[in-house]
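Here is the file model_25.cif (mmCIF, N, CA and C atoms).
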data_target
#
loop_
_atom_site.label_atom_id
_atom_site.label_comp_id
_atom_site.auth_asym_id
_atom_site.auth_seq_id
_atom_site.Cartn_x
_atom_site.Cartn_y
_atom_site.Cartn_z
N MET A 9 129.11 156.75 125.04
CA MET A 9 128.14 157.26 125.98
C MET A 9 128.74 157.36 127.37
N ARG A 10 129.56 156.36 127.72
CA ARG A 10 130.18 156.37 129.04
C ARG A 10 131.02 157.63 129.23
N GLU A 11 131.80 158.06 128.20
CA GLU A 11 132.62 159.25 128.32
C GLU A 11 131.76 160.49 128.56
N VAL A 12 130.63 160.56 127.89
CA VAL A 12 129.73 161.70 128.05
C VAL A 12 129.15 161.71 129.45
N ASP A 13 128.69 160.56 129.94
CA ASP A 13 128.08 160.52 131.26
C ASP A 13 129.10 160.76 132.36
N VAL A 14 130.30 160.24 132.20
CA VAL A 14 131.35 160.49 133.19
C VAL A 14 131.66 161.97 133.24
N ALA A 15 131.74 162.62 132.10
CA ALA A 15 132.01 164.06 132.09
C ALA A 15 130.87 164.82 132.75
N GLN A 16 129.64 164.34 132.59
CA GLN A 16 128.49 164.98 133.21
C GLN A 16 128.64 164.95 134.73
N ARG A 17 129.22 163.88 135.26
CA ARG A 17 129.38 163.74 136.70
C ARG A 17 130.67 164.36 137.19
N ASP A 18 131.33 165.15 136.35
CA ASP A 18 132.56 165.87 136.70
C ASP A 18 133.70 164.97 137.13
N ARG A 19 133.80 163.78 136.55
CA ARG A 19 134.95 162.93 136.84
C ARG A 19 136.10 163.21 135.90
N THR A 20 135.83 163.88 134.80
CA THR A 20 136.90 164.30 133.90
C THR A 20 136.82 165.81 133.80
N PRO A 21 137.97 166.48 133.63
CA PRO A 21 137.95 167.94 133.63
C PRO A 21 137.24 168.55 132.44
N ASP A 22 137.23 167.86 131.29
CA ASP A 22 136.66 168.48 130.10
C ASP A 22 136.08 167.41 129.19
N LEU A 23 134.84 167.60 128.81
CA LEU A 23 134.17 166.65 127.92
C LEU A 23 134.95 166.46 126.62
N LEU A 24 135.58 167.51 126.15
CA LEU A 24 136.26 167.43 124.86
C LEU A 24 137.63 166.75 124.95
N ASP A 25 137.98 166.20 126.12
CA ASP A 25 139.19 165.40 126.23
C ASP A 25 139.05 164.11 125.43
N ALA A 26 137.83 163.67 125.21
CA ALA A 26 137.59 162.46 124.43
C ALA A 26 137.80 162.80 122.95
N PRO A 27 138.80 162.20 122.30
CA PRO A 27 139.12 162.58 120.91
C PRO A 27 137.96 162.46 119.95
N ALA A 28 137.15 161.41 120.06
CA ALA A 28 136.03 161.25 119.13
C ALA A 28 135.01 162.37 119.32
N LEU A 29 134.82 162.82 120.55
CA LEU A 29 133.85 163.88 120.79
C LEU A 29 134.39 165.24 120.36
N ALA A 30 135.68 165.43 120.46
CA ALA A 30 136.27 166.71 120.07
C ALA A 30 136.12 166.96 118.57
N SER A 31 136.08 165.89 117.78
CA SER A 31 135.94 166.06 116.33
C SER A 31 134.55 165.66 115.84
N ALA A 32 133.60 165.60 116.75
CA ALA A 32 132.25 165.17 116.41
C ALA A 32 131.60 166.12 115.41
N SER A 33 130.84 165.54 114.51
CA SER A 33 130.11 166.35 113.55
C SER A 33 128.82 165.62 113.19
N ALA A 34 127.85 166.39 112.79
CA ALA A 34 126.59 165.81 112.33
C ALA A 34 126.07 166.68 111.20
N ARG A 35 125.46 166.06 110.24
CA ARG A 35 124.92 166.79 109.10
C ARG A 35 123.41 166.66 109.12
N LEU A 36 122.75 167.79 109.17
CA LEU A 36 121.29 167.82 109.14
C LEU A 36 120.84 168.11 107.72
N VAL A 37 119.77 167.44 107.31
CA VAL A 37 119.22 167.67 105.98
C VAL A 37 117.72 167.92 106.09
N LEU A 38 117.23 168.64 105.12
CA LEU A 38 115.80 168.93 105.04
C LEU A 38 115.17 167.87 104.16
N ASP A 39 114.21 167.12 104.69
CA ASP A 39 113.58 166.08 103.87
C ASP A 39 112.47 166.70 103.03
N PRO A 40 111.95 165.97 102.05
CA PRO A 40 110.93 166.52 101.14
C PRO A 40 109.67 167.02 101.85
N GLY A 41 109.36 166.45 103.01
CA GLY A 41 108.18 166.89 103.76
C GLY A 41 108.41 168.12 104.60
N GLY A 42 109.63 168.67 104.58
CA GLY A 42 109.93 169.89 105.34
C GLY A 42 110.52 169.60 106.71
N GLY A 43 110.69 168.34 107.07
CA GLY A 43 111.27 168.00 108.36
C GLY A 43 112.79 167.99 108.30
N VAL A 44 113.39 168.15 109.46
CA VAL A 44 114.85 168.10 109.55
C VAL A 44 115.24 166.75 110.13
N ARG A 45 116.25 166.11 109.51
CA ARG A 45 116.72 164.82 110.01
C ARG A 45 118.22 164.74 109.85
N LEU A 46 118.80 163.77 110.54
CA LEU A 46 120.23 163.53 110.41
C LEU A 46 120.52 162.83 109.09
N ASP A 47 121.60 163.23 108.45
CA ASP A 47 122.04 162.56 107.23
C ASP A 47 122.76 161.28 107.63
N ASP A 48 122.33 160.16 107.13
CA ASP A 48 122.93 158.87 107.48
C ASP A 48 124.10 158.51 106.57
N GLY A 49 124.58 159.43 105.77
CA GLY A 49 125.61 159.12 104.79
C GLY A 49 126.95 158.73 105.35
N SER A 50 127.38 159.33 106.43
CA SER A 50 128.72 159.07 106.96
C SER A 50 128.66 158.06 108.08
N GLY A 51 129.59 157.11 108.06
CA GLY A 51 129.63 156.09 109.11
C GLY A 51 130.90 156.16 109.92
N ASP A 52 131.65 157.29 109.84
CA ASP A 52 132.90 157.38 110.59
C ASP A 52 132.63 157.70 112.07
N ILE A 53 133.66 157.59 112.87
CA ILE A 53 133.55 157.78 114.31
C ILE A 53 133.03 159.17 114.66
N ALA A 54 133.54 160.20 113.99
CA ALA A 54 133.12 161.57 114.28
C ALA A 54 131.62 161.75 114.03
N ALA A 55 131.11 161.12 112.99
CA ALA A 55 129.67 161.23 112.68
C ALA A 55 128.85 160.53 113.76
N HIS A 56 129.30 159.35 114.20
CA HIS A 56 128.58 158.65 115.26
C HIS A 56 128.63 159.45 116.57
N ALA A 57 129.79 160.03 116.87
CA ALA A 57 129.92 160.86 118.07
C ALA A 57 128.99 162.07 117.98
N GLY A 58 128.87 162.63 116.79
CA GLY A 58 127.95 163.75 116.59
C GLY A 58 126.51 163.36 116.86
N ARG A 59 126.13 162.17 116.42
CA ARG A 59 124.77 161.69 116.68
C ARG A 59 124.53 161.51 118.17
N ILE A 60 125.55 161.00 118.87
CA ILE A 60 125.43 160.82 120.32
C ILE A 60 125.27 162.17 121.01
N LEU A 61 126.10 163.15 120.59
CA LEU A 61 126.00 164.47 121.21
C LEU A 61 124.64 165.13 120.93
N LEU A 62 124.10 164.90 119.74
CA LEU A 62 122.76 165.45 119.46
C LEU A 62 121.70 164.78 120.34
N ALA A 63 121.85 163.47 120.57
CA ALA A 63 120.91 162.77 121.46
C ALA A 63 121.04 163.30 122.89
N VAL A 64 122.26 163.57 123.32
CA VAL A 64 122.48 164.15 124.65
C VAL A 64 121.84 165.53 124.72
N HIS A 65 122.04 166.32 123.66
CA HIS A 65 121.45 167.66 123.63
C HIS A 65 119.92 167.59 123.72
N ASP A 66 119.32 166.69 122.96
CA ASP A 66 117.86 166.52 123.02
C ASP A 66 117.43 166.11 124.43
N ALA A 67 118.18 165.21 125.05
CA ALA A 67 117.85 164.76 126.40
C ALA A 67 117.97 165.90 127.40
N GLN A 68 118.94 166.78 127.19
CA GLN A 68 119.07 167.94 128.07
C GLN A 68 117.89 168.89 127.91
N LEU A 69 117.45 169.08 126.68
CA LEU A 69 116.32 169.98 126.42
C LEU A 69 115.03 169.46 127.04
N THR A 70 114.85 168.15 127.04
CA THR A 70 113.61 167.57 127.56
C THR A 70 113.67 167.29 129.06
N GLY A 71 114.86 167.42 129.65
CA GLY A 71 115.01 167.13 131.07
C GLY A 71 115.33 165.67 131.36
N ALA A 72 115.44 164.86 130.32
CA ALA A 72 115.71 163.44 130.51
C ALA A 72 117.17 163.17 130.88
N TRP A 73 118.06 164.09 130.55
CA TRP A 73 119.49 163.87 130.79
C TRP A 73 119.81 163.65 132.27
N GLN A 74 119.10 164.34 133.15
CA GLN A 74 119.39 164.19 134.57
C GLN A 74 119.03 162.79 135.08
N ARG A 75 118.28 162.03 134.31
CA ARG A 75 117.95 160.66 134.70
C ARG A 75 118.96 159.63 134.18
N MET A 76 119.84 160.05 133.26
CA MET A 76 120.91 159.16 132.79
C MET A 76 122.06 159.25 133.78
N LYS A 77 122.39 158.13 134.40
CA LYS A 77 123.42 158.15 135.43
C LYS A 77 124.37 156.97 135.28
N LEU A 78 125.47 157.06 136.00
CA LEU A 78 126.41 155.95 136.11
C LEU A 78 126.27 155.37 137.50
N CYS A 79 126.36 154.06 137.60
CA CYS A 79 126.31 153.38 138.88
C CYS A 79 127.41 153.96 139.77
N ARG A 80 127.10 154.22 141.03
CA ARG A 80 128.05 154.83 141.95
C ARG A 80 129.19 153.88 142.33
N ASN A 81 129.01 152.60 142.10
CA ASN A 81 130.05 151.62 142.40
C ASN A 81 131.21 151.86 141.42
N PRO A 82 132.41 152.26 141.91
CA PRO A 82 133.51 152.56 141.01
C PRO A 82 133.99 151.36 140.20
N GLU A 83 133.70 150.16 140.66
CA GLU A 83 134.09 148.96 139.92
C GLU A 83 133.07 148.60 138.84
N CYS A 84 131.93 149.26 138.84
CA CYS A 84 130.86 148.93 137.91
C CYS A 84 130.68 150.04 136.86
N GLU A 85 130.20 151.19 137.30
CA GLU A 85 129.94 152.35 136.45
C GLU A 85 129.09 152.05 135.22
N VAL A 86 128.11 151.19 135.36
CA VAL A 86 127.16 150.92 134.28
C VAL A 86 126.26 152.14 134.12
N ALA A 87 126.04 152.56 132.88
CA ALA A 87 125.09 153.64 132.62
C ALA A 87 123.68 153.09 132.78
N PHE A 88 122.83 153.83 133.48
CA PHE A 88 121.46 153.37 133.69
C PHE A 88 120.49 154.54 133.70
N TRP A 89 119.23 154.21 133.51
CA TRP A 89 118.14 155.18 133.53
C TRP A 89 117.57 155.19 134.94
N ASP A 90 117.63 156.34 135.62
CA ASP A 90 117.11 156.47 136.98
C ASP A 90 115.60 156.68 136.91
N SER A 91 114.86 155.65 137.25
CA SER A 91 113.40 155.73 137.17
C SER A 91 112.77 156.07 138.53
N SER A 92 113.59 156.42 139.52
CA SER A 92 113.03 156.78 140.82
C SER A 92 112.23 158.07 140.69
N ARG A 93 111.28 158.25 141.59
CA ARG A 93 110.40 159.42 141.51
C ARG A 93 111.15 160.74 141.59
N ASN A 94 112.14 160.82 142.49
CA ASN A 94 112.85 162.08 142.70
C ASN A 94 114.27 162.07 142.14
N THR A 95 114.54 161.23 141.19
CA THR A 95 115.85 161.08 140.54
C THR A 95 116.99 160.90 141.54
N SER A 96 116.76 160.08 142.57
CA SER A 96 117.77 159.88 143.61
C SER A 96 118.52 158.56 143.46
N GLY A 97 118.25 157.81 142.41
CA GLY A 97 118.92 156.52 142.22
C GLY A 97 120.42 156.69 142.02
N VAL A 98 121.20 155.81 142.64
CA VAL A 98 122.65 155.89 142.51
C VAL A 98 123.27 154.56 142.08
N TRP A 99 122.50 153.47 142.16
CA TRP A 99 123.01 152.15 141.79
C TRP A 99 122.24 151.64 140.59
N HIS A 100 122.94 150.98 139.66
CA HIS A 100 122.23 150.42 138.51
C HIS A 100 121.33 149.28 138.98
N ASP A 101 121.74 148.58 140.02
CA ASP A 101 120.93 147.52 140.62
C ASP A 101 121.23 147.51 142.12
N VAL A 102 120.27 147.87 142.91
CA VAL A 102 120.48 147.98 144.35
C VAL A 102 120.80 146.62 144.98
N ARG A 103 120.35 145.53 144.36
CA ARG A 103 120.61 144.20 144.92
C ARG A 103 122.06 143.79 144.76
N THR A 104 122.74 144.33 143.77
CA THR A 104 124.14 143.93 143.59
C THR A 104 125.06 145.05 144.09
N CYS A 105 125.18 146.11 143.34
CA CYS A 105 126.11 147.18 143.70
C CYS A 105 125.68 147.92 144.97
N GLY A 106 124.41 148.21 145.09
CA GLY A 106 123.92 148.93 146.27
C GLY A 106 124.05 148.11 147.54
N ASN A 107 123.74 146.84 147.46
CA ASN A 107 123.82 145.97 148.63
C ASN A 107 125.25 145.88 149.15
N VAL A 108 126.21 145.72 148.25
CA VAL A 108 127.61 145.62 148.64
C VAL A 108 128.06 146.91 149.33
N ALA A 109 127.74 148.05 148.76
CA ALA A 109 128.15 149.33 149.33
C ALA A 109 127.48 149.57 150.68
N ASN A 110 126.20 149.28 150.77
CA ASN A 110 125.50 149.48 152.04
C ASN A 110 126.03 148.55 153.12
N LEU A 111 126.37 147.33 152.76
CA LEU A 111 126.93 146.39 153.72
C LEU A 111 128.29 146.87 154.22
N ARG A 112 129.12 147.38 153.32
CA ARG A 112 130.43 147.92 153.72
C ARG A 112 130.26 149.08 154.70
N LYS A 113 129.34 150.00 154.41
CA LYS A 113 129.11 151.15 155.29
C LYS A 113 128.61 150.68 156.65
N SER A 114 127.71 149.73 156.64
CA SER A 114 127.18 149.20 157.90
C SER A 114 128.28 148.57 158.74
N ARG A 115 129.12 147.78 158.12
CA ARG A 115 130.22 147.15 158.85
C ARG A 115 131.21 148.18 159.37
N ALA A 116 131.46 149.22 158.60
CA ALA A 116 132.38 150.28 159.05
C ALA A 116 131.79 151.03 160.25
N ARG A 117 130.49 151.30 160.23
CA ARG A 117 129.85 151.97 161.38
C ARG A 117 129.91 151.08 162.62
N ARG A 118 129.64 149.79 162.42
CA ARG A 118 129.68 148.84 163.53
C ARG A 118 131.09 148.74 164.13
N ALA A 119 132.10 148.73 163.26
CA ALA A 119 133.48 148.67 163.72
C ALA A 119 133.87 149.94 164.46
N ALA A 120 133.39 151.10 163.99
CA ALA A 120 133.68 152.36 164.64
C ALA A 120 133.05 152.43 166.03
N ARG A 121 131.82 151.91 166.16
CA ARG A 121 131.16 151.89 167.48
C ARG A 121 131.89 150.95 168.43
N ALA A 122 132.36 149.83 167.92
CA ALA A 122 133.07 148.86 168.76
C ALA A 122 134.42 149.40 169.21
N ALA A 123 135.03 150.26 168.42
CA ALA A 123 136.34 150.83 168.76
C ALA A 123 136.22 151.93 169.81
N GLU A 124 135.04 152.47 170.01
CA GLU A 124 134.85 153.58 170.97
C GLU A 124 134.90 153.11 172.40
#

Would you put the structure from the file into structure tokens?
Amino acid sequence: MREVDVAQRDRTPDLLDAPALASASARLVLDPGGGVRLDDGSGDIAAHAGRILLAVHDAQLTGAWQRMKLCRNPECEVAFWDSSRNTSGVWHDVRTCGNVANLRKSRARRAARAAE
């Protein structure tokens, strides 16, 4: 999931650079009730990657994908669900990663004013 989300944020040039995703596959079957479902028969990496890509596709169709984000802290990069009203969340936890980043920015501004 991390590879998919990182590619979404344009940190890698191509989503298909991830070998498991490049060979991803999923098999859909028609169940007796007429519904379509994923075939659970294969447990290899490509099949699991295919399931992940289908979940990403579904999230894109419903608009939920834009709420899946990575923490902006480069040392963290935890995938999280942005539950803010306007999808503006950038930290997985503002008290940890956000606080550290905001404190660094504040100190840099203060140092810049003192240097003037």

**Request:** Counting only C-alpha atoms, note down every residue that has an atom within 12 Å of the point (114.2, 155.8, 131.0) (file coordinates), as a VMD selection string.
**Result:** chain A and resid 67 71 to 77 87 to 93 95

**Fill in**
Among A:Ala119, A:Leu38, A:Leu69, A:Ala32, His56 in chain A is approached most closely, using all atoms listed in the file, by A:Ala32

**Request:** In Å, rounded to a single decimal, give me how far CA of Thr70 in chain A is from CA of Asp52 in chain A.
**Result:** 27.6 Å

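The coordinates place CA of Ser33 in chain A at 9.3 Å from CA of Ile53 in chain A.
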
**Who sits within 8 Å of range 101-115 of chain A, all atoms listed in the file, same chain under 4 positions skipped, as a ChimeraX atom specification** = /A:79-81,84,88,119-121

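The spacing separating CA of Asp47 in chain A from CA of Asp66 in chain A amounts to 16.8 Å.
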
**Request:** Could you tell me, as a list in words, which residues of range 30-113 of chain A DSSP assigns to strand (DSSP E) when given the backbone?
**Result:**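 Selecting the strand (DSSP E) positions of range 30-113 of chain A gives Leu36, Val37, Leu38, Val44, Arg45, Leu46, Met76, Lys77, Leu78, Ala87, Phe88 and Trp89 of chain A.
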
**Message:** When you count only C-alpha atoms, which of these residues is closest to Gly58 in chain A: A:Val37, A:Ala122, A:Val98, A:Leu46?
**Reply:**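 Closest to Gly58 in chain A of all the choices is A:Leu46.
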